[in-house]
file work27.cif (mmCIF, C-alpha atoms)
data_work
#
loop_
_atom_site.label_atom_id
_atom_site.label_comp_id
_atom_site.auth_asym_id
_atom_site.auth_seq_id
_atom_site.Cartn_x
_atom_site.Cartn_y
_atom_site.Cartn_z
CA MET A 133 312.79 -18.67 7.96
CA GLU A 134 315.79 -16.37 8.05
CA ARG A 135 314.89 -12.92 9.35
CA TYR A 136 314.46 -10.32 6.68
CA ASP A 137 314.91 -6.58 6.35
CA PHE A 138 311.37 -5.34 6.94
CA ARG A 139 312.24 -1.65 6.56
CA THR A 140 313.22 -1.87 2.88
CA GLN A 141 310.51 -2.04 0.22
CA ARG A 142 310.14 -5.54 -1.28
CA LEU A 143 308.95 -6.27 -4.80
CA TYR A 144 307.96 -9.51 -6.52
CA VAL A 145 309.22 -9.67 -10.12
CA GLU A 146 309.06 -12.28 -12.87
CA GLY A 147 312.54 -11.85 -14.34
CA ALA A 148 315.73 -13.69 -13.40
CA LEU A 149 317.83 -12.15 -10.61
CA ALA A 150 321.63 -12.08 -10.61
CA GLU A 151 324.45 -9.76 -9.60
CA GLY A 152 324.91 -6.93 -12.10
CA GLY A 153 321.54 -7.55 -13.76
CA ALA A 154 318.65 -5.15 -14.19
CA ILE A 155 314.89 -5.46 -13.88
CA GLU A 156 312.31 -3.21 -15.51
CA PRO A 157 309.22 -3.28 -13.24
CA ASP A 158 305.84 -3.17 -14.92
CA ARG A 159 303.91 0.09 -15.15
CA SER A 160 301.91 -0.38 -11.96
CA GLN A 161 305.02 -1.35 -9.95
CA ALA A 162 306.99 1.61 -11.30
CA ASN A 163 304.13 3.97 -10.49
CA TYR A 164 303.95 2.59 -6.96
CA LEU A 165 307.68 3.06 -6.37
CA LEU A 166 308.02 6.48 -7.99
CA ASN A 167 304.67 8.21 -7.41
CA VAL A 168 303.09 6.49 -4.41
CA LEU A 169 306.17 5.85 -2.28
CA ARG A 170 308.05 8.76 -3.94
CA MET A 171 311.30 6.82 -3.97
CA LYS A 172 314.32 8.56 -5.45
CA ALA A 173 317.33 7.53 -7.53
CA GLY A 174 319.67 5.25 -5.62
CA GLU A 175 317.14 4.13 -3.01
CA ALA A 176 317.12 0.42 -2.20
CA VAL A 177 314.51 -2.16 -3.12
CA LEU A 178 314.59 -5.87 -2.28
CA LEU A 179 313.61 -8.10 -5.21
CA PHE A 180 312.48 -11.73 -5.29
CA ASN A 181 310.93 -14.00 -7.92
CA GLY A 182 310.28 -17.23 -6.04
CA ARG A 183 313.33 -18.90 -7.66
CA ASP A 184 316.55 -16.96 -7.15
CA GLY A 185 316.39 -15.79 -3.54
CA GLU A 186 316.27 -12.14 -2.48
CA TRP A 187 318.45 -9.40 -4.01
CA LEU A 188 319.23 -5.79 -3.20
CA ALA A 189 318.64 -3.39 -6.10
CA ARG A 190 318.73 0.37 -6.54
CA ILE A 191 316.21 2.54 -8.35
CA GLU A 192 317.23 4.29 -11.54
CA PRO A 193 314.29 6.48 -12.67
CA GLN A 194 313.51 6.72 -16.37
CA GLY A 195 311.24 9.74 -16.27
CA ARG A 196 308.15 9.95 -14.03
CA LYS A 197 306.47 6.69 -15.08
CA ALA A 198 309.26 4.16 -15.51
CA CYS A 199 312.42 2.99 -13.83
CA VAL A 200 315.13 0.36 -13.92
CA LEU A 201 316.16 -1.61 -10.84
CA ARG A 202 319.93 -2.26 -10.87
CA ILE A 203 320.75 -5.45 -8.98
CA GLU A 204 323.73 -5.24 -6.61
CA LYS A 205 323.95 -8.29 -4.35
CA ALA A 206 322.11 -11.26 -2.87
CA THR A 207 320.63 -10.77 0.60
CA ARG A 208 318.95 -14.14 1.27
CA PRO A 209 319.15 -17.54 -0.46
CA GLN A 210 316.07 -19.20 -1.92
CA PRO A 211 314.54 -21.57 0.66
CA GLN A 212 312.86 -24.86 -0.08
CA PRO A 213 309.17 -24.33 -0.90
CA ALA A 214 306.73 -24.86 1.94
CA ASP A 215 305.30 -28.39 1.93
CA LEU A 216 301.89 -27.65 3.44
CA VAL A 217 298.98 -28.02 0.98
CA TYR A 218 295.89 -25.90 1.63
CA CYS A 219 292.67 -27.19 0.02
CA PHE A 220 289.60 -24.97 0.19
CA ALA A 221 286.16 -24.41 -1.25
CA PRO A 222 286.22 -21.05 -3.11
CA LEU A 223 284.55 -18.03 -1.49
CA LYS A 224 283.21 -14.74 -2.78
CA GLN A 225 285.92 -12.39 -3.98
CA ALA A 226 286.72 -10.15 -0.98
CA ARG A 227 286.79 -13.07 1.46
CA LEU A 228 288.76 -15.19 -1.00
CA ASP A 229 291.37 -12.41 -1.29
CA TYR A 230 291.71 -12.38 2.49
CA MET A 231 291.91 -16.17 2.74
CA VAL A 232 294.61 -16.44 0.06
CA GLN A 233 296.72 -13.79 1.76
CA LYS A 234 296.41 -15.43 5.19
CA ALA A 235 297.16 -18.91 3.83
CA VAL A 236 300.39 -17.57 2.31
CA GLU A 237 301.32 -15.87 5.58
CA MET A 238 300.63 -19.10 7.46
CA GLY A 239 303.05 -21.09 5.31
CA ALA A 240 300.95 -22.85 2.68
CA GLY A 241 303.06 -24.01 -0.27
CA VAL A 242 300.15 -25.06 -2.49
CA LEU A 243 296.67 -23.51 -2.72
CA GLN A 244 294.18 -25.99 -4.18
CA PRO A 245 290.59 -24.85 -4.87
CA VAL A 246 288.07 -27.67 -4.31
CA LEU A 247 284.50 -27.78 -5.62
CA THR A 248 282.08 -29.40 -3.18
CA ARG A 249 278.34 -30.00 -3.09
CA HIS A 250 277.61 -26.68 -1.38
CA THR A 251 280.33 -24.55 -2.99
CA GLN A 252 278.73 -21.23 -3.96
CA VAL A 253 281.53 -19.92 -6.21
CA THR A 254 282.69 -22.11 -9.10
CA ARG A 255 284.49 -19.60 -11.34
CA LEU A 256 287.81 -18.31 -10.05
CA ASN A 257 290.16 -15.57 -11.18
CA LEU A 258 293.44 -17.45 -10.74
CA ASP A 259 295.49 -14.43 -11.83
CA ARG A 260 293.94 -12.42 -8.99
CA MET A 261 294.77 -15.23 -6.57
CA ARG A 262 298.39 -15.21 -7.75
CA ALA A 263 298.55 -11.42 -7.35
CA ASN A 264 297.21 -11.70 -3.79
CA ALA A 265 299.73 -14.44 -3.00
CA ALA A 266 302.58 -12.29 -4.32
CA GLU A 267 301.40 -9.26 -2.33
CA ALA A 268 301.26 -11.29 0.87
CA ALA A 269 304.77 -12.59 0.19
CA GLU A 270 306.04 -9.04 -0.42
CA GLN A 271 304.62 -7.83 2.88
CA CYS A 272 305.76 -10.78 5.02
CA GLY A 273 309.28 -11.52 3.82
CA ILE A 274 308.31 -14.79 2.14
CA LEU A 275 310.48 -15.80 -0.82
CA ALA A 276 308.60 -18.83 -2.18
CA ILE A 277 305.32 -18.08 -3.97
CA PRO A 278 302.75 -20.85 -3.45
CA LYS A 279 301.57 -22.89 -6.40
CA ILE A 280 297.90 -22.33 -7.22
CA GLY A 281 296.10 -25.33 -8.68
CA GLU A 282 293.20 -25.42 -11.09
CA PRO A 283 289.86 -26.02 -9.34
CA GLN A 284 289.05 -29.69 -8.84
CA ALA A 285 285.91 -31.52 -7.77
CA LEU A 286 286.30 -33.05 -4.33
CA GLU A 287 285.78 -36.56 -5.73
CA GLN A 288 288.48 -36.03 -8.36
CA MET A 289 290.95 -34.66 -5.83
CA LEU A 290 290.43 -37.58 -3.47
CA ALA A 291 290.76 -40.14 -6.29
CA GLN A 292 294.16 -38.70 -7.23
CA TRP A 293 295.41 -38.15 -3.69
CA ASP A 294 298.86 -39.33 -2.62
CA PRO A 295 298.09 -41.50 0.45
CA ALA A 296 301.49 -40.62 1.94
CA ARG A 297 300.17 -37.10 2.61
CA THR A 298 297.68 -36.85 5.49
CA LEU A 299 294.61 -34.77 4.66
CA ILE A 300 293.44 -32.92 7.76
CA PHE A 301 289.69 -32.56 7.35
CA CYS A 302 288.25 -29.71 9.42
CA ASP A 303 284.82 -31.10 10.28
CA GLU A 304 282.34 -28.90 12.13
CA SER A 305 280.57 -32.07 13.35
CA ALA A 306 283.73 -33.70 14.69
CA GLY A 307 282.56 -33.32 18.28
CA ASP A 308 284.56 -32.13 21.26
CA ASP A 309 287.73 -34.16 20.67
CA ASP A 310 291.03 -32.37 21.22
CA PRO A 311 292.61 -31.27 17.89
CA VAL A 312 296.03 -31.03 19.54
CA ARG A 313 295.88 -34.70 20.54
CA LEU A 314 294.79 -35.69 17.04
CA LEU A 315 297.47 -33.63 15.31
CA HIS A 316 300.44 -34.45 17.52
CA PRO A 317 301.18 -37.86 15.89
CA LEU A 318 301.32 -36.14 12.48
CA ARG A 319 304.31 -33.95 13.28
CA GLY A 320 307.01 -34.16 10.62
CA LYS A 321 304.75 -35.86 8.05
CA PRO A 322 303.52 -34.42 4.72
CA LEU A 323 300.25 -32.61 5.47
CA ALA A 324 297.31 -30.94 3.79
CA VAL A 325 294.40 -29.01 5.30
CA LEU A 326 290.87 -29.09 3.88
CA ILE A 327 288.35 -26.32 4.63
CA GLY A 328 284.80 -26.60 3.30
CA PRO A 329 282.35 -24.07 1.88
CA GLU A 330 280.13 -21.62 3.73
CA GLY A 331 277.33 -24.21 3.72
CA GLY A 332 279.56 -26.97 5.06
CA PHE A 333 280.15 -30.43 3.64
CA SER A 334 277.22 -32.65 2.70
CA ALA A 335 276.55 -35.80 4.71
CA ASP A 336 277.81 -37.93 1.82
CA GLU A 337 281.01 -35.92 1.49
CA ARG A 338 281.64 -36.11 5.20
CA ALA A 339 281.12 -39.88 5.22
CA THR A 340 283.43 -40.32 2.21
CA LEU A 341 286.19 -38.28 3.83
CA ARG A 342 285.96 -40.04 7.17
CA ALA A 343 286.21 -43.45 5.49
CA LEU A 344 289.54 -42.72 3.81
CA PRO A 345 292.67 -44.02 5.57
CA PHE A 346 294.75 -40.90 4.77
CA VAL A 347 292.19 -38.50 6.30
CA THR A 348 292.32 -37.20 9.87
CA ALA A 349 289.21 -35.29 10.98
CA ILE A 350 289.60 -32.56 13.58
CA PRO A 351 287.18 -30.10 15.21
CA LEU A 352 287.80 -26.37 15.38
CA GLY A 353 286.19 -25.65 18.71
CA PRO A 354 282.61 -25.34 19.96
CA ARG A 355 281.61 -22.47 17.63
CA ILE A 356 280.74 -22.50 13.95
CA LEU A 357 283.33 -20.40 12.12
CA ARG A 358 283.06 -18.57 8.84
CA ALA A 359 285.09 -20.29 6.14
CA ASP A 360 287.77 -17.58 6.02
CA THR A 361 288.04 -17.58 9.83
CA ALA A 362 288.23 -21.37 9.85
CA ALA A 363 291.13 -21.18 7.40
CA VAL A 364 293.21 -19.04 9.76
CA ALA A 365 292.25 -21.10 12.83
CA ALA A 366 293.00 -24.44 11.15
CA LEU A 367 296.32 -23.40 9.65
CA ALA A 368 297.41 -21.88 12.95
CA VAL A 369 296.69 -25.00 15.01
CA VAL A 370 298.16 -27.34 12.38
CA GLN A 371 301.37 -25.31 12.04
CA ALA A 372 301.72 -24.96 15.82
CA VAL A 373 301.21 -28.65 16.63
CA ALA A 374 302.35 -30.56 13.54
CA GLY A 375 303.93 -28.01 11.21
CA ASP A 376 306.97 -25.74 11.07
CA TRP A 377 306.30 -23.35 13.96
#
call {"tool": "encode", "arguments": {"input": "work27.cif", "output": "structure tokens"}}
result
Amino acid sequence: MERYDFRTQRLYVEGALAEGGAIEPDRSQANYLLNVLRMKAGEAVLLFNGRDGEWLARIEPQGRKACVLRIEKATRPQPQPADLVYCFAPLKQARLDYMVQKAVEMGAGVLQPVLTRHTQVTRLNLDRMRANAAEAAEQCGILAIPKIGEPQALEQMLAQWDPARTLIFCDESAGDDDPVRLLHPLRGKPLAVLIGPEGGFSADERATLRALPFVTAIPLGPRILRADTAAVAALAVVQAVAGDW
């Protein structure tokens, strides 16, 4: 990824971005810029929408609670979306917020909730997930916002799976094999990572996954990790060995 200007405030917006255009941020964004950051007229903001690249804009206050952002010039082109798919069993809200943010930072291009036998959370606030994804992108210079899929049962997801994409199954019972050795042959191929629920996968689910030709099972070390910790560990090792690091 091209290096970005990390000193200038970045803002995710929905509207189209083009030279000479203008964006009216929503009330919460305007309040953040004007009253939290105390930014003044003419100060710079970097805007992105996940489609049009990154653009430099300047603040034009409209009173104390609103502003217009006048777009001046492009600063970075829109990159291709990340190809890594991250599949996960939903967690309770605070840990889910953390996991979504870290998955975005780690380069996931798709976030796919998966309902398994031991999944404890079955109702998800997808709007909150999108907001967390956008916030992580704002903070880390990412221009492509990951797609967030509707929750799917594990069986349904596997039945519809594209066999050309390897599903890396993080299995706590995978033994002491070396994940680097297992991942190295996958470099340059379409990949997905699957992390299970806090209670782990059932024996039937584990057997089903291991029997599929597009699945590669890897261990994540000798210790049992919390699901949100496992997400960071798995994405880090996959990106380092077989991904875009």
call {"tool": "closest_residue", "arguments": {"input": "work27.cif", "among": "A:Ala162, A:Leu169, A:Ala291, A:Leu341", "to": "A:Gly195", "atoms": "all atoms listed in the file"}}
result
A:Ala162
call {"tool": "closest_atom_pairs", "arguments": {"input": "work27.cif", "of": "stretch 212-326 of chain A", "to": "stretch 171-188 of chain A", "cutoff": "8 Å", "atoms": "all atoms listed in the file", "output": "Markdown table"}}
result
| residue | atom | partner | partner_atom | distance |
| --- | --- | --- | --- | --- |
| A:Leu275 | CA | A:Gly182 | CA | 5.4 |
| A:Ala276 | CA | A:Gly182 | CA | 4.5 |
| A:Ile277 | CA | A:Gly182 | CA | 5.4 |
call {"tool": "resolve_selection", "arguments": {"input": "work27.cif", "expression": "the PyMOL selection byres ((chain A and resi 296) around 8)", "output": "number ranges by chain"}}
result
A: 294-295, 297-298, 322, 346
call {"tool": "residues_near_point", "arguments": {"input": "work27.cif", "point": "(287.8, -22.6, -2.1)", "cutoff": "6 Å", "atoms": "all atoms listed in the file", "output": "mmCIF file with C-alpha atoms, keeping the file's coordinate frame"}}
result
data_model
loop_
_atom_site.group_PDB
_atom_site.id
_atom_site.type_symbol
_atom_site.label_atom_id
_atom_site.label_comp_id
_atom_site.auth_asym_id
_atom_site.auth_seq_id
_atom_site.Cartn_x
_atom_site.Cartn_y
_atom_site.Cartn_z
ATOM 1 C CA PHE A 220 289.600 -24.970 0.190
ATOM 2 C CA ALA A 221 286.160 -24.410 -1.250
ATOM 3 C CA PRO A 222 286.220 -21.050 -3.110
ATOM 4 C CA LEU A 223 284.550 -18.030 -1.490
ATOM 5 C CA PRO A 245 290.590 -24.850 -4.870
ATOM 6 C CA VAL A 246 288.070 -27.670 -4.310
#
call {"tool": "atom_distance", "arguments": {"input": "work27.cif", "atom1": "atom CA of A:Ile300", "atom2": "atom CA of A:Ile350"}}
result
7.0 Å
call {"tool": "atom_distance", "arguments": {"input": "work27.cif", "atom1": "atom CA of A:Val364", "atom2": "atom CA of A:Leu326"}}
result
11.9 Å
call {"tool": "atom_distance", "arguments": {"input": "work27.cif", "atom1": "atom CA of A:Glu204", "atom2": "atom CA of A:Arg142"}}
result
14.6 Å
call {"tool": "closest_residue", "arguments": {"input": "work27.cif", "among": "A:Val236, A:Arg355, A:Val253, A:Glu282", "to": "A:Leu367", "atoms": "all atoms listed in the file"}}
result
A:Val236
call {"tool": "resolve_selection", "arguments": {"input": "work27.cif", "expression": "the PyMOL selection byres ((chain A and resi 377) around 12)", "output": "list in words"}}
result
Met133, Met238, Gly239, Arg319, Gly320, Leu367, Ala368, Val369, Val370, Gln371, Ala372, Val373, Ala374, Gly375 and Asp376 of chain A
call {"tool": "resolve_selection", "arguments": {"input": "work27.cif", "expression": "the PyMOL selection byres ((chain A and resi 156) around 9)", "output": "number ranges by chain"}}
result
A: 145, 147, 154-155, 157-158, 162, 198-202
call {"tool": "closest_residue", "arguments": {"input": "work27.cif", "among": "A:Pro213, A:Ser334, A:Leu344, A:Gly328", "to": "A:Trp293", "atoms": "all atoms listed in the file"}}
result
A:Leu344
call {"tool": "residues_around", "arguments": {"input": "work27.cif", "residues": "A:Lys279", "least_positions_apart": "5", "cutoff": "8 Å", "atoms": "all atoms listed in the file", "output": "compact mmCIF listing (two decimals) with C-alpha atoms, in the coordinates of the input"}}
result
# COMPACT_ATOMS: atom_id res chain seq x y z
CA GLY A 241 303.06 -24.01 -0.27
CA VAL A 242 300.15 -25.06 -2.49
CA LEU A 243 296.67 -23.51 -2.72
call {"tool": "axis_aligned_box", "arguments": {"input": "work27.cif", "around": "stretch 342-350 of chain A", "padding_each_side": "8 Å", "output": "JSON"}}
result
{"center_x": 290.4, "center_y": -38.3, "center_z": 8.7, "size_x": 24.8, "size_y": 27.5, "size_z": 25.8}
call {"tool": "residues_near_point", "arguments": {"input": "work27.cif", "point": "(278.0, -18.3, 3.8)", "cutoff": "8 Å", "atoms": "all atoms listed in the file", "output": "ChimeraX atom specification"}}
result
/A:329-331,358-359
call {"tool": "closest_residue", "arguments": {"input": "work27.cif", "among": "A:Gln141, A:Ser305, A:Gln292, A:Gln252", "to": "A:Tyr164", "atoms": "all atoms listed in the file"}}
result
A:Gln141
call {"tool": "closest_residue", "arguments": {"input": "work27.cif", "among": "A:Leu247, A:Leu318, A:Leu352, A:Ala268", "to": "A:Phe333", "atoms": "only C-alpha atoms"}}
result
A:Leu247
call {"tool": "closest_residue", "arguments": {"input": "work27.cif", "among": "A:Val312, A:Cys302, A:Ile203, A:Ala349", "to": "A:Glu151", "atoms": "all atoms listed in the file"}}
result
A:Ile203
call {"tool": "residues_around", "arguments": {"input": "work27.cif", "residues": "A:Gln244", "least_positions_apart": "5", "cutoff": "8 Å", "atoms": "all atoms listed in the file", "output": "MDAnalysis selection string"}}
result
chainID A and resid 217:220 280:284
call {"tool": "write_last_selection", "arguments": {"input": "work27.cif", "atoms": "C-alpha atoms", "output": "PDB file, in the coordinates of the input"}}
result
ATOM      1  CA  VAL A 217     298.980 -28.020   0.980  1.00  0.00           C
ATOM      2  CA  TYR A 218     295.890 -25.900   1.630  1.00  0.00           C
ATOM      3  CA  CYS A 219     292.670 -27.190   0.020  1.00  0.00           C
ATOM      4  CA  PHE A 220     289.600 -24.970   0.190  1.00  0.00           C
ATOM      5  CA  ILE A 280     297.900 -22.330  -7.220  1.00  0.00           C
ATOM      6  CA  GLY A 281     296.100 -25.330  -8.680  1.00  0.00           C
ATOM      7  CA  GLU A 282     293.200 -25.420 -11.090  1.00  0.00           C
ATOM      8  CA  PRO A 283     289.860 -26.020  -9.340  1.00  0.00           C
ATOM      9  CA  GLN A 284     289.050 -29.690  -8.840  1.00  0.00           C
TER      10      GLN A 284
END
call {"tool": "residues_around", "arguments": {"input": "work27.cif", "residues": "A:Leu299", "least_positions_apart": "2", "cutoff": "6 Å", "atoms": "only C-alpha atoms", "output": "VMD selection string"}}
result
chain A and resid 324 to 325 347
